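These notes concern the structure reproduced below.
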Amino acid sequence: MQHINDPYVKLAQQKGYRARAAFKLIEILDTERLLRPGDRVVDLGSAPGSWCQVARERMLGRDGVINGQVIALDILPMDPVEGVTFMLGDFQEDSVLAALSAQLKGQPVDLVISDMAPNLSGVSSADSARIGHLCEIAQAFAVDHLKPEGALIVKAFHGSGFSQIVEGLKRQFKRVVERKPKASRDKSSETFLVARGLK
């Protein structure tokens with residue numbers, strides 16, 4: 001019932017977003033003043049595509065042409081989003097990274113976004129390890145691909161291992177902040193970390 005009565009679910013349907021998660025990204029981008037036309041963005045674990053939709057919107061000129069580049073990667077298939085380049089595969093594999101590099105023409109990225117979450121088992125120690133691993137691989141990807149002043153937005157969960165994720169980011173980024181968007185359910189422990197400026 002919670003899902004049906006959720007105002008963000010209704011709003012997502014009205015605005016044509018594929019998931020309510022779109023509003024989480026919108027709030028973070030607004031608060032942090034991130035993502036401008038002309039930027040290059042990579043969306044890790046992009047399916048079903050609502051974060052790509054938001055990134056694309058931010059880059060649309062008045063003429064309806066995208067000024068910038070959005071590349072989405074996922075191991076799950078995703079329906080196309082106009083103007084977004086989707087790559088099916090694991091971004092830890094050399095072949096996928098080579099294809100990505102070709103798309104970027106060797107240029108660094110302004111923003112890496114990751115709403116990846118593991119399939120949770122309910123065993124907190126195992127889940128914490130999985131969450132930590134996803135944050136680590138997103139961070140490693142961002143460090144390899146971002147401009148020096150670029151930013152990473154990554155989903156984490158409060159609980160065991162959270163402080164280690166934050167510390168790991170602080171080792172490689174100048175500024176790391178926590179953001180809990182209004183569209184994030186109150187009882188959810190999810191928190192987004194925004195890391196900016198490579199050290």
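Each chain of the structure tokens is named A, B, ... in the order shown, its residues numbered from 1; ligands are numbered from 1 in display order.
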Expected answer as a PDB file with N, CA and C atoms, in the first residue's frame: helix (DSSP H, G or I) residues in segment 67-171 of chain A:
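Ended up saving to selection-v4.pdb:
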```pdb
ATOM      1  N   ASP A  94      37.397  -5.321 -18.837  1.00  0.00           N
ATOM      2  CA  ASP A  94      38.230  -4.536 -19.756  1.00  0.00           C
ATOM      3  C   ASP A  94      37.503  -4.192 -21.053  1.00  0.00           C
ATOM      4  N   SER A  95      36.724  -5.144 -21.574  1.00  0.00           N
ATOM      5  CA  SER A  95      36.059  -4.900 -22.863  1.00  0.00           C
ATOM      6  C   SER A  95      35.037  -3.765 -22.742  1.00  0.00           C
ATOM      7  N   VAL A  96      34.336  -3.727 -21.598  1.00  0.00           N
ATOM      8  CA  VAL A  96      33.334  -2.673 -21.371  1.00  0.00           C
ATOM      9  C   VAL A  96      34.044  -1.333 -21.173  1.00  0.00           C
ATOM     10  N   LEU A  97      35.129  -1.339 -20.418  1.00  0.00           N
ATOM     11  CA  LEU A  97      35.890  -0.098 -20.191  1.00  0.00           C
ATOM     12  C   LEU A  97      36.480   0.435 -21.492  1.00  0.00           C
ATOM     13  N   ALA A  98      36.907  -0.486 -22.368  1.00  0.00           N
ATOM     14  CA  ALA A  98      37.466  -0.062 -23.659  1.00  0.00           C
ATOM     15  C   ALA A  98      36.380   0.593 -24.514  1.00  0.00           C
ATOM     16  N   ALA A  99      35.197  -0.001 -24.511  1.00  0.00           N
ATOM     17  CA  ALA A  99      34.078   0.567 -25.275  1.00  0.00           C
ATOM     18  C   ALA A  99      33.672   1.924 -24.703  1.00  0.00           C
ATOM     19  N   LEU A 100      33.702   2.033 -23.374  1.00  0.00           N
ATOM     20  CA  LEU A 100      33.373   3.307 -22.719  1.00  0.00           C
ATOM     21  C   LEU A 100      34.390   4.376 -23.095  1.00  0.00           C
ATOM     22  N   SER A 101      35.656   3.996 -23.063  1.00  0.00           N
ATOM     23  CA  SER A 101      36.727   4.938 -23.394  1.00  0.00           C
ATOM     24  C   SER A 101      36.569   5.446 -24.819  1.00  0.00           C
ATOM     25  N   ALA A 102      36.146   4.551 -25.712  1.00  0.00           N
ATOM     26  CA  ALA A 102      35.924   4.948 -27.108  1.00  0.00           C
ATOM     27  C   ALA A 102      34.780   5.951 -27.196  1.00  0.00           C
ATOM     28  N   GLN A 103      33.717   5.721 -26.414  1.00  0.00           N
ATOM     29  CA  GLN A 103      32.576   6.658 -26.398  1.00  0.00           C
ATOM     30  C   GLN A 103      33.004   8.029 -25.871  1.00  0.00           C
ATOM     31  N   LEU A 104      33.856   8.017 -24.861  1.00  0.00           N
ATOM     32  CA  LEU A 104      34.304   9.277 -24.246  1.00  0.00           C
ATOM     33  C   LEU A 104      35.429   9.934 -25.042  1.00  0.00           C
ATOM     34  N   SER A 124      22.877  -8.817   8.015  1.00  0.00           N
ATOM     35  CA  SER A 124      23.465  -7.476   7.953  1.00  0.00           C
ATOM     36  C   SER A 124      24.956  -7.477   7.632  1.00  0.00           C
ATOM     37  N   SER A 125      25.709  -8.433   8.153  1.00  0.00           N
ATOM     38  CA  SER A 125      27.153  -8.438   7.885  1.00  0.00           C
ATOM     39  C   SER A 125      27.434  -8.684   6.396  1.00  0.00           C
ATOM     40  N   ALA A 126      26.677  -9.615   5.815  1.00  0.00           N
ATOM     41  CA  ALA A 126      26.857  -9.923   4.387  1.00  0.00           C
ATOM     42  C   ALA A 126      26.407  -8.741   3.540  1.00  0.00           C
ATOM     43  N   ASP A 127      25.264  -8.137   3.915  1.00  0.00           N
ATOM     44  CA  ASP A 127      24.746  -6.993   3.155  1.00  0.00           C
ATOM     45  C   ASP A 127      25.697  -5.807   3.220  1.00  0.00           C
ATOM     46  N   SER A 128      26.262  -5.553   4.406  1.00  0.00           N
ATOM     47  CA  SER A 128      27.216  -4.442   4.560  1.00  0.00           C
ATOM     48  C   SER A 128      28.420  -4.638   3.653  1.00  0.00           C
ATOM     49  N   ALA A 129      28.888  -5.877   3.585  1.00  0.00           N
ATOM     50  CA  ALA A 129      30.050  -6.174   2.735  1.00  0.00           C
ATOM     51  C   ALA A 129      29.712  -5.923   1.262  1.00  0.00           C
ATOM     52  N   ARG A 130      28.501  -6.325   0.864  1.00  0.00           N
ATOM     53  CA  ARG A 130      28.100  -6.129  -0.547  1.00  0.00           C
ATOM     54  C   ARG A 130      27.965  -4.644  -0.878  1.00  0.00           C
ATOM     55  N   ILE A 131      27.346  -3.900   0.035  1.00  0.00           N
ATOM     56  CA  ILE A 131      27.167  -2.461  -0.166  1.00  0.00           C
ATOM     57  C   ILE A 131      28.531  -1.778  -0.249  1.00  0.00           C
ATOM     58  N   GLY A 132      29.408  -2.160   0.688  1.00  0.00           N
ATOM     59  CA  GLY A 132      30.753  -1.585   0.694  1.00  0.00           C
ATOM     60  C   GLY A 132      31.493  -1.854  -0.605  1.00  0.00           C
ATOM     61  N   HIS A 133      31.308  -3.065  -1.133  1.00  0.00           N
ATOM     62  CA  HIS A 133      31.978  -3.438  -2.382  1.00  0.00           C
ATOM     63  C   HIS A 133      31.479  -2.571  -3.542  1.00  0.00           C
ATOM     64  N   LEU A 134      30.169  -2.360  -3.633  1.00  0.00           N
ATOM     65  CA  LEU A 134      29.629  -1.531  -4.717  1.00  0.00           C
ATOM     66  C   LEU A 134      30.142  -0.098  -4.620  1.00  0.00           C
ATOM     67  N   CYS A 135      30.216   0.429  -3.391  1.00  0.00           N
ATOM     68  CA  CYS A 135      30.748   1.792  -3.210  1.00  0.00           C
ATOM     69  C   CYS A 135      32.220   1.852  -3.625  1.00  0.00           C
ATOM     70  N   GLU A 136      32.959   0.802  -3.281  1.00  0.00           N
ATOM     71  CA  GLU A 136      34.389   0.762  -3.626  1.00  0.00           C
ATOM     72  C   GLU A 136      34.606   0.749  -5.140  1.00  0.00           C
ATOM     73  N   ILE A 137      33.821  -0.068  -5.840  1.00  0.00           N
ATOM     74  CA  ILE A 137      34.046  -0.148  -7.286  1.00  0.00           C
ATOM     75  C   ILE A 137      33.576   1.138  -7.978  1.00  0.00           C
ATOM     76  N   ALA A 138      32.529   1.777  -7.445  1.00  0.00           N
ATOM     77  CA  ALA A 138      32.095   3.071  -7.996  1.00  0.00           C
ATOM     78  C   ALA A 138      33.180   4.121  -7.763  1.00  0.00           C
ATOM     79  N   GLN A 139      33.761   4.095  -6.559  1.00  0.00           N
ATOM     80  CA  GLN A 139      34.819   5.049  -6.226  1.00  0.00           C
ATOM     81  C   GLN A 139      36.043   4.833  -7.126  1.00  0.00           C
ATOM     82  N   ALA A 140      36.438   3.577  -7.291  1.00  0.00           N
ATOM     83  CA  ALA A 140      37.600   3.276  -8.138  1.00  0.00           C
ATOM     84  C   ALA A 140      37.363   3.742  -9.571  1.00  0.00           C
ATOM     85  N   PHE A 141      36.151   3.508 -10.067  1.00  0.00           N
ATOM     86  CA  PHE A 141      35.796   3.951 -11.416  1.00  0.00           C
ATOM     87  C   PHE A 141      35.894   5.472 -11.508  1.00  0.00           C
ATOM     88  N   ALA A 142      35.325   6.163 -10.505  1.00  0.00           N
ATOM     89  CA  ALA A 142      35.317   7.631 -10.513  1.00  0.00           C
ATOM     90  C   ALA A 142      36.736   8.190 -10.491  1.00  0.00           C
ATOM     91  N   VAL A 143      37.591   7.618  -9.639  1.00  0.00           N
ATOM     92  CA  VAL A 143      38.979   8.093  -9.533  1.00  0.00           C
ATOM     93  C   VAL A 143      39.698   7.931 -10.882  1.00  0.00           C
ATOM     94  N   ASP A 144      39.378   6.852 -11.599  1.00  0.00           N
ATOM     95  CA  ASP A 144      40.018   6.610 -12.906  1.00  0.00           C
ATOM     96  C   ASP A 144      39.493   7.526 -14.011  1.00  0.00           C
ATOM     97  N   HIS A 145      38.250   7.995 -13.882  1.00  0.00           N
ATOM     98  CA  HIS A 145      37.613   8.672 -15.024  1.00  0.00           C
ATOM     99  C   HIS A 145      37.262  10.145 -14.816  1.00  0.00           C
ATOM    100  N   PHE A 162      29.580   1.710   7.139  1.00  0.00           N
ATOM    101  CA  PHE A 162      29.312   3.026   6.534  1.00  0.00           C
ATOM    102  C   PHE A 162      30.485   3.982   6.750  1.00  0.00           C
ATOM    103  N   SER A 163      31.002   4.020   7.984  1.00  0.00           N
ATOM    104  CA  SER A 163      32.090   4.964   8.268  1.00  0.00           C
ATOM    105  C   SER A 163      33.334   4.633   7.441  1.00  0.00           C
ATOM    106  N   GLN A 164      33.542   3.340   7.156  1.00  0.00           N
ATOM    107  CA  GLN A 164      34.690   2.954   6.326  1.00  0.00           C
ATOM    108  C   GLN A 164      34.535   3.448   4.888  1.00  0.00           C
ATOM    109  N   ILE A 165      33.283   3.414   4.398  1.00  0.00           N
ATOM    110  CA  ILE A 165      33.014   3.922   3.036  1.00  0.00           C
ATOM    111  C   ILE A 165      33.340   5.413   2.980  1.00  0.00           C
ATOM    112  N   VAL A 166      32.876   6.160   3.995  1.00  0.00           N
ATOM    113  CA  VAL A 166      33.127   7.610   4.050  1.00  0.00           C
ATOM    114  C   VAL A 166      34.633   7.877   4.128  1.00  0.00           C
ATOM    115  N   GLU A 167      35.319   7.125   4.996  1.00  0.00           N
ATOM    116  CA  GLU A 167      36.776   7.319   5.149  1.00  0.00           C
ATOM    117  C   GLU A 167      37.500   7.033   3.833  1.00  0.00           C
ATOM    118  N   GLY A 168      37.054   5.987   3.150  1.00  0.00           N
ATOM    119  CA  GLY A 168      37.669   5.638   1.860  1.00  0.00           C
ATOM    120  C   GLY A 168      37.538   6.769   0.853  1.00  0.00           C
ATOM    121  N   LEU A 169      36.372   7.390   0.820  1.00  0.00           N
ATOM    122  CA  LEU A 169      36.151   8.525  -0.088  1.00  0.00           C
ATOM    123  C   LEU A 169      37.011   9.717   0.314  1.00  0.00           C
ATOM    124  N   LYS A 170      37.102   9.949   1.623  1.00  0.00           N
ATOM    125  CA  LYS A 170      37.876  11.108   2.095  1.00  0.00           C
ATOM    126  C   LYS A 170      39.362  10.978   1.782  1.00  0.00           C
ATOM    127  N   ARG A 171      39.815   9.759   1.622  1.00  0.00           N
ATOM    128  CA  ARG A 171      41.233   9.570   1.270  1.00  0.00           C
ATOM    129  C   ARG A 171      41.520  10.063  -0.144  1.00  0.00           C
TER     130      ARG A 171
END
```
Report task. Write out as an NGL selection string all residues of segment 35-194 of chain A that DSSP puts in strand (DSSP E or B) for this structure's backbone. Result -> :A and (40-44 or 60 or 66 or 69-74 or 84-88 or 109-114 or 146-157 or 173-179 or 190-194)
Query - For atom CA of Ile71 of chain A and atom CA of Lys155 of chain A, the interatomic separation in Å (one decimal) - result: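 About the pair atom CA of Ile71 of chain A and atom CA of Lys155 of chain A: they are 18.3 Å apart.
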**Report entry** Gap from atom CA of Glu82 of chain A to atom CA of Gly38 of chain A - Å, one decimal
**Finding:**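 If I compute the distance from atom CA of Glu82 of chain A to atom CA of Gly38 of chain A, I get 16.6 Å.
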Query raised in the report: What is the atom CA of Ala183 of chain A to atom CA of Asp30 of chain A distance in Å?
Result: 13.6 Å
Report task. Show which residues sit within 10 Å of Trp51 of chain A, as JSON, numbers by chain. Count only C-alpha atoms, and ignore same-chain residues fewer than 2 positions away. Result -> {"A": [17, 18, 19, 20, 21, 22, 23, 24, 25, 26, 43, 44, 45, 46, 47, 48, 49, 53, 54, 55, 56, 57, 72, 113, 114, 115]}
Report task. Find the spatial neighbours of Glu190 of chain A, counting only C-alpha atoms, within a cut-off of 8 Å - ignore same-chain residues fewer than 5 positions away - and output them as number ranges by chain. Result -> A: 155-158, 180, 184
Query raised in the report: Near Leu152 of chain A, counting only C-alpha atoms, which residues have an atom at most 6 Å away, once you skip same-chain residues fewer than 2 positions from it, shown as number ranges by chain?
Result: A: 111-113, 194-195
Requested in this report: Could you check which of A:Arg179, A:Arg185, A:Lys105, A:Lys147 is closest to Gly197 of chain A, using only C-alpha atoms?
Outcome: A:Lys147
Report task. Just the residues within 9 Å of Leu88 of chain A, please, counting only C-alpha atoms, with nothing from its chain fewer than 2 positions along; format it as a ChimeraX atom specification. Result -> /A:72-78,86,90-91,96
Got time to write the residues from that selection, C-alpha atoms, as a CSV table (one decimal), in the first residue's frame?
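After the write, result_12.csv holds the following:
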```csv
chain,number,residue,atom,x,y,z
A,72,ALA,CA,24.7,4.6,-18.9
A,73,LEU,CA,26.2,1.2,-17.9
A,74,ASP,CA,24.4,-1.8,-16.3
A,75,ILE,CA,24.6,-5.5,-16.2
A,76,LEU,CA,20.8,-5.5,-16.7
A,77,PRO,CA,19.1,-4.4,-19.9
A,78,MET,CA,17.5,-0.9,-20.0
A,86,PHE,CA,23.6,2.7,-23.0
A,90,ASP,CA,30.0,-5.0,-16.2
A,91,PHE,CA,32.1,-1.8,-16.0
A,96,VAL,CA,33.3,-2.7,-21.4
```
